[in-house]
Amino acid sequence: FEEVIWLLLFGSLPTQEQLDDFCEILAEHRALPEGFMDTMNAPSPNIMNKMARSVLSMYSYDEHADDLSLPNILTQSINLIAELPTMMVNAYQMKRRYYDKQSMFFHMPKPGQSTAEHILSTYRPDQKFTHEEAKLLDMCLLVHADHGGGNCSTFTTRVLSSSGTDTYAAISAAIGALKGPKHGGANLKVMHQLDYILENVENPTNDDEVREFLRKILRKERGDGSGLIYGMGHAVYTMSDPRAQILKTHAKSLAYKKGYDEEYELLCSIERLAPQVFAEEKHGPKKVCANVDLFSGLIYRMLGISEDLYTPLFAIARVPGWCA
C-alpha cells in the first residue's frame with residue numbers, strides 16, 4: 001500500500017531507498033498532536049463523522065494551513081495519510097466506550113510498521129497479528145486505492161480544491177461523501193445480504209435455490225427492497241473487476257483456516273449466478289460482474305474488524321488519491 005501511496009502522489013513507483021525513507025516518514029507522523037484527544041473527546045456513533053471532524057481539527061495545529069503551495073500541500077497530505085488510521089482507531093475506541101459501553105484502550109504507534117500493521121496493532125487489545133493477516137489487510141488497502149477522478153468522493157475533493165479552499169476542508173468533505181451507503185458503504189451491505197441469504201436459503205450450496213433467491217432480490221420481493229444484489233456491478237468494470245479477483249484469490253486460504261468456508265463459497269456462487277439472473281430479469285445488453293466490495297467485507301470479518309470500520313478503512317485507502 002505504501003508503494004501505491006507513492007505512485008499516486010508522484011506518478012511512478014518508488015525505488016527501494018525511496019520506499020524505505022517514505023515508510024519511515026509515514027511512521028514518524030502517525031501519532032496525533034499532543035493534547036489532540038483532549039480537544040476531540042466528543043464521541044460519534046459513526047466513525048466517518050468523527051474522522052471528518054478530526055481532519056478539520058488538524059487545521060488548528062497547522063501554522064501554514066492556508067498555504068496552497070505545492071510543497072506545503074504535499075506536507076499536509078503526507079501528514080494526513082499517516083494520521084488518518086490513528087484517527088480511525090481512536091474514534092472507534094471512543095465509540096466503544098460511550099455508545100457500546102465497553103472498555104476502550106489506546107496503543108501508541110510502533111516504529112517500523114506498515115499502515116496495515118499499524119491498524120491491526122492499535123486496533124487489537126493484545127496488539128498481536130500474523131504476517132498473513134497484515135498482508136491481507138494491506139491487499140485490501142491497495143485494491144481500494146483511487147482509480148480515477150469520476151467517483152463521488154474524489155470528485156468532491158476536486159470541487160472543493162478548485163475553489164481554493166484548504167487541504168483539510170477538501171479531505172473532510174471527501175470523507176463525508178464516502179460515508180454515503182451508495183458510495184463507501186457497499187461492502188457492509190454485501191455482508192448483511194450474505195447473512196440474510198444464509199438465514200433464508202435452505203441449502204446455500206444448491207445453485208437453483210440461490211439463483212431463485214437472487215431473482216427475488218432483483219424483483220424487490222426479498223432483501224432490503226432496493227432490488228440490488230450488493231457486490232455486483234460497476235460503472236467502469238463490466239466484464240471483470242480485477243480488484244475483486246485479487247481479493248477472491250487471497251481470501252480463500254484464510255476463509256478455510258478460520259471456518260468461513262460457507263460464507264466464502266456462497267459469495268463465489270453469487271459471483272457466478274448473479275450475472276445470469278441479471279441478464280434474464282433485465283433483458284438488456286448490460287453485463288455485470290463482481291466488484292471489489294463482494295469479498296472485502298468477508299476479509300474484514302475474518303480479521304475480526306468491527307463493521308464500524310468497514311467504510312473508514314475505505315477512506316484510509318482513498319485518502320492518498322484524494323490528496324493526489
# chains A, B, ... in the order shown; residues from 1 in each chain; ligands from 1

$ closest_atom_pairs --of "stretch 63-170 of chain A" --to "stretch 23-39 of chain A" --cutoff "12 Å" --atoms "only C-alpha atoms" --output "CSV"
residue,atom,partner,partner_atom,distance
A:Thr75,CA,A:His29,CA,10.6
A:Gln76,CA,A:His29,CA,10.8
A:Ser77,CA,A:Leu26,CA,10.7
A:Ile78,CA,A:Leu26,CA,7.1
A:Asn79,CA,A:His29,CA,6.0
A:Leu80,CA,A:His29,CA,8.6
A:Ile81,CA,A:Leu26,CA,7.8
A:Ala82,CA,A:Arg30,CA,4.9
A:Glu83,CA,A:Arg30,CA,4.6
A:Leu84,CA,A:Arg30,CA,7.9
A:Pro85,CA,A:Arg30,CA,7.8
A:Thr86,CA,A:Arg30,CA,6.4
A:Met87,CA,A:Leu32,CA,7.8
A:Met88,CA,A:Arg30,CA,11.4
A:Val89,CA,A:Arg30,CA,11.5
A:Asn90,CA,A:Met37,CA,8.3
A:Ala91,CA,A:Met37,CA,9.5
A:Gln93,CA,A:Met37,CA,11.5
A:Met94,CA,A:Met37,CA,10.0
A:Phe106,CA,A:Met37,CA,10.7
A:His107,CA,A:Ala31,CA,10.2
A:Met108,CA,A:Ala31,CA,7.3
A:Pro109,CA,A:Ala31,CA,6.4
A:Lys110,CA,A:Ala27,CA,7.6
A:Pro111,CA,A:Ala27,CA,5.9
A:Gly112,CA,A:Ala27,CA,6.5
A:Gln113,CA,A:Ala27,CA,6.8
A:Ser114,CA,A:Cys23,CA,7.2
A:Thr115,CA,A:Ala27,CA,8.2
A:Ala116,CA,A:Ala27,CA,11.6
A:Glu117,CA,A:Ala27,CA,10.9
A:His118,CA,A:Ala27,CA,8.7
A:Ile119,CA,A:Arg30,CA,10.6
A:Thr122,CA,A:Arg30,CA,11.2

$ select_by_dssp --residues "stretch 54-230 of chain A" --states "helix (DSSP H, G or I)" --output "number ranges by chain"
A: 54-61, 70-98, 115-123, 131-144, 152-162, 167-179, 186-200, 207-218

$ residues_around --residues "stretch 226-228 of chain A" --least-positions-apart "4" --cutoff "12 Å" --atoms "only C-alpha atoms" --output "list in words"
Lys182, Ala186, Lys189, Val190, Gln193, Phe213, Leu214, Arg215, Lys216, Ile217, Leu218, Arg219, Lys220, Glu221, Arg222, Met232, Gly233, Ala274, Val277, Phe278, Glu281, Lys282 and Val288 of chain A

$ residues_around --residues "stretch 258-269 of chain A" --least-positions-apart "4" --cutoff "10 Å" --atoms "only C-alpha atoms" --output "PyMOL selection string"
chain A and resi 190-191+194-195+197-198+204-207+210-211+231+248+251-254+273-274+290+294-295+298-299+301-303

$ residues_around --residues "A:Asp67" --least-positions-apart "3" --cutoff "10 Å" --atoms "only C-alpha atoms" --output "VMD selection string"
chain A and resid 62 to 64 70 to 73 76 165 to 167

$ write_last_selection --atoms "N, CA and C atoms" --output "tab-separated table (two decimals), in the first residue's frame"
chain	number	residue	atom	x	y	z
A	62	ASP	N	-1.91	23.54	12.37
A	62	ASP	CA	-1.04	23.79	11.22
A	62	ASP	C	-0.83	25.29	11.07
A	63	GLU	N	0.41	25.74	11.27
A	63	GLU	CA	0.72	27.17	11.14
A	63	GLU	C	0.61	27.65	9.70
A	64	HIS	N	0.63	26.72	8.75
A	64	HIS	CA	0.57	27.08	7.33
A	64	HIS	C	-0.66	26.45	6.68
A	70	LEU	N	2.72	23.97	-3.59
A	70	LEU	CA	2.82	22.52	-3.77
A	70	LEU	C	3.60	21.83	-2.64
A	71	PRO	N	4.76	22.37	-2.22
A	71	PRO	CA	5.48	21.71	-1.12
A	71	PRO	C	4.65	21.62	0.16
A	72	ASN	N	3.88	22.68	0.45
A	72	ASN	CA	3.09	22.67	1.68
A	72	ASN	C	1.92	21.70	1.59
A	73	ILE	N	1.26	21.66	0.43
A	73	ILE	CA	0.15	20.71	0.26
A	73	ILE	C	0.67	19.28	0.35
A	76	GLN	N	1.16	18.55	4.04
A	76	GLN	CA	-0.14	18.33	4.66
A	76	GLN	C	-0.70	16.95	4.28
A	165	THR	N	-9.96	26.36	-1.48
A	165	THR	CA	-10.05	26.12	-0.04
A	165	THR	C	-8.83	25.33	0.44
A	166	ASP	N	-8.75	25.11	1.75
A	166	ASP	CA	-7.58	24.44	2.31
A	166	ASP	C	-7.70	22.92	2.20
A	167	THR	N	-6.58	22.25	2.39
A	167	THR	CA	-6.50	20.80	2.27
A	167	THR	C	-7.45	20.10	3.24

$ atom_distance --atom1 "atom CA of A:Asn41" --atom2 "atom CA of A:Asp126"
23.7 Å

$ residues_around --residues "A:Ala145" --least-positions-apart "3" --cutoff "12 Å" --atoms "only C-alpha atoms" --output "count of residues only"
33

$ residues_around --residues "A:Ala52" --least-positions-apart "3" --cutoff "7 Å" --atoms "only C-alpha atoms" --output "ChimeraX atom specification"
/A:48-49,55-56,172,175-176
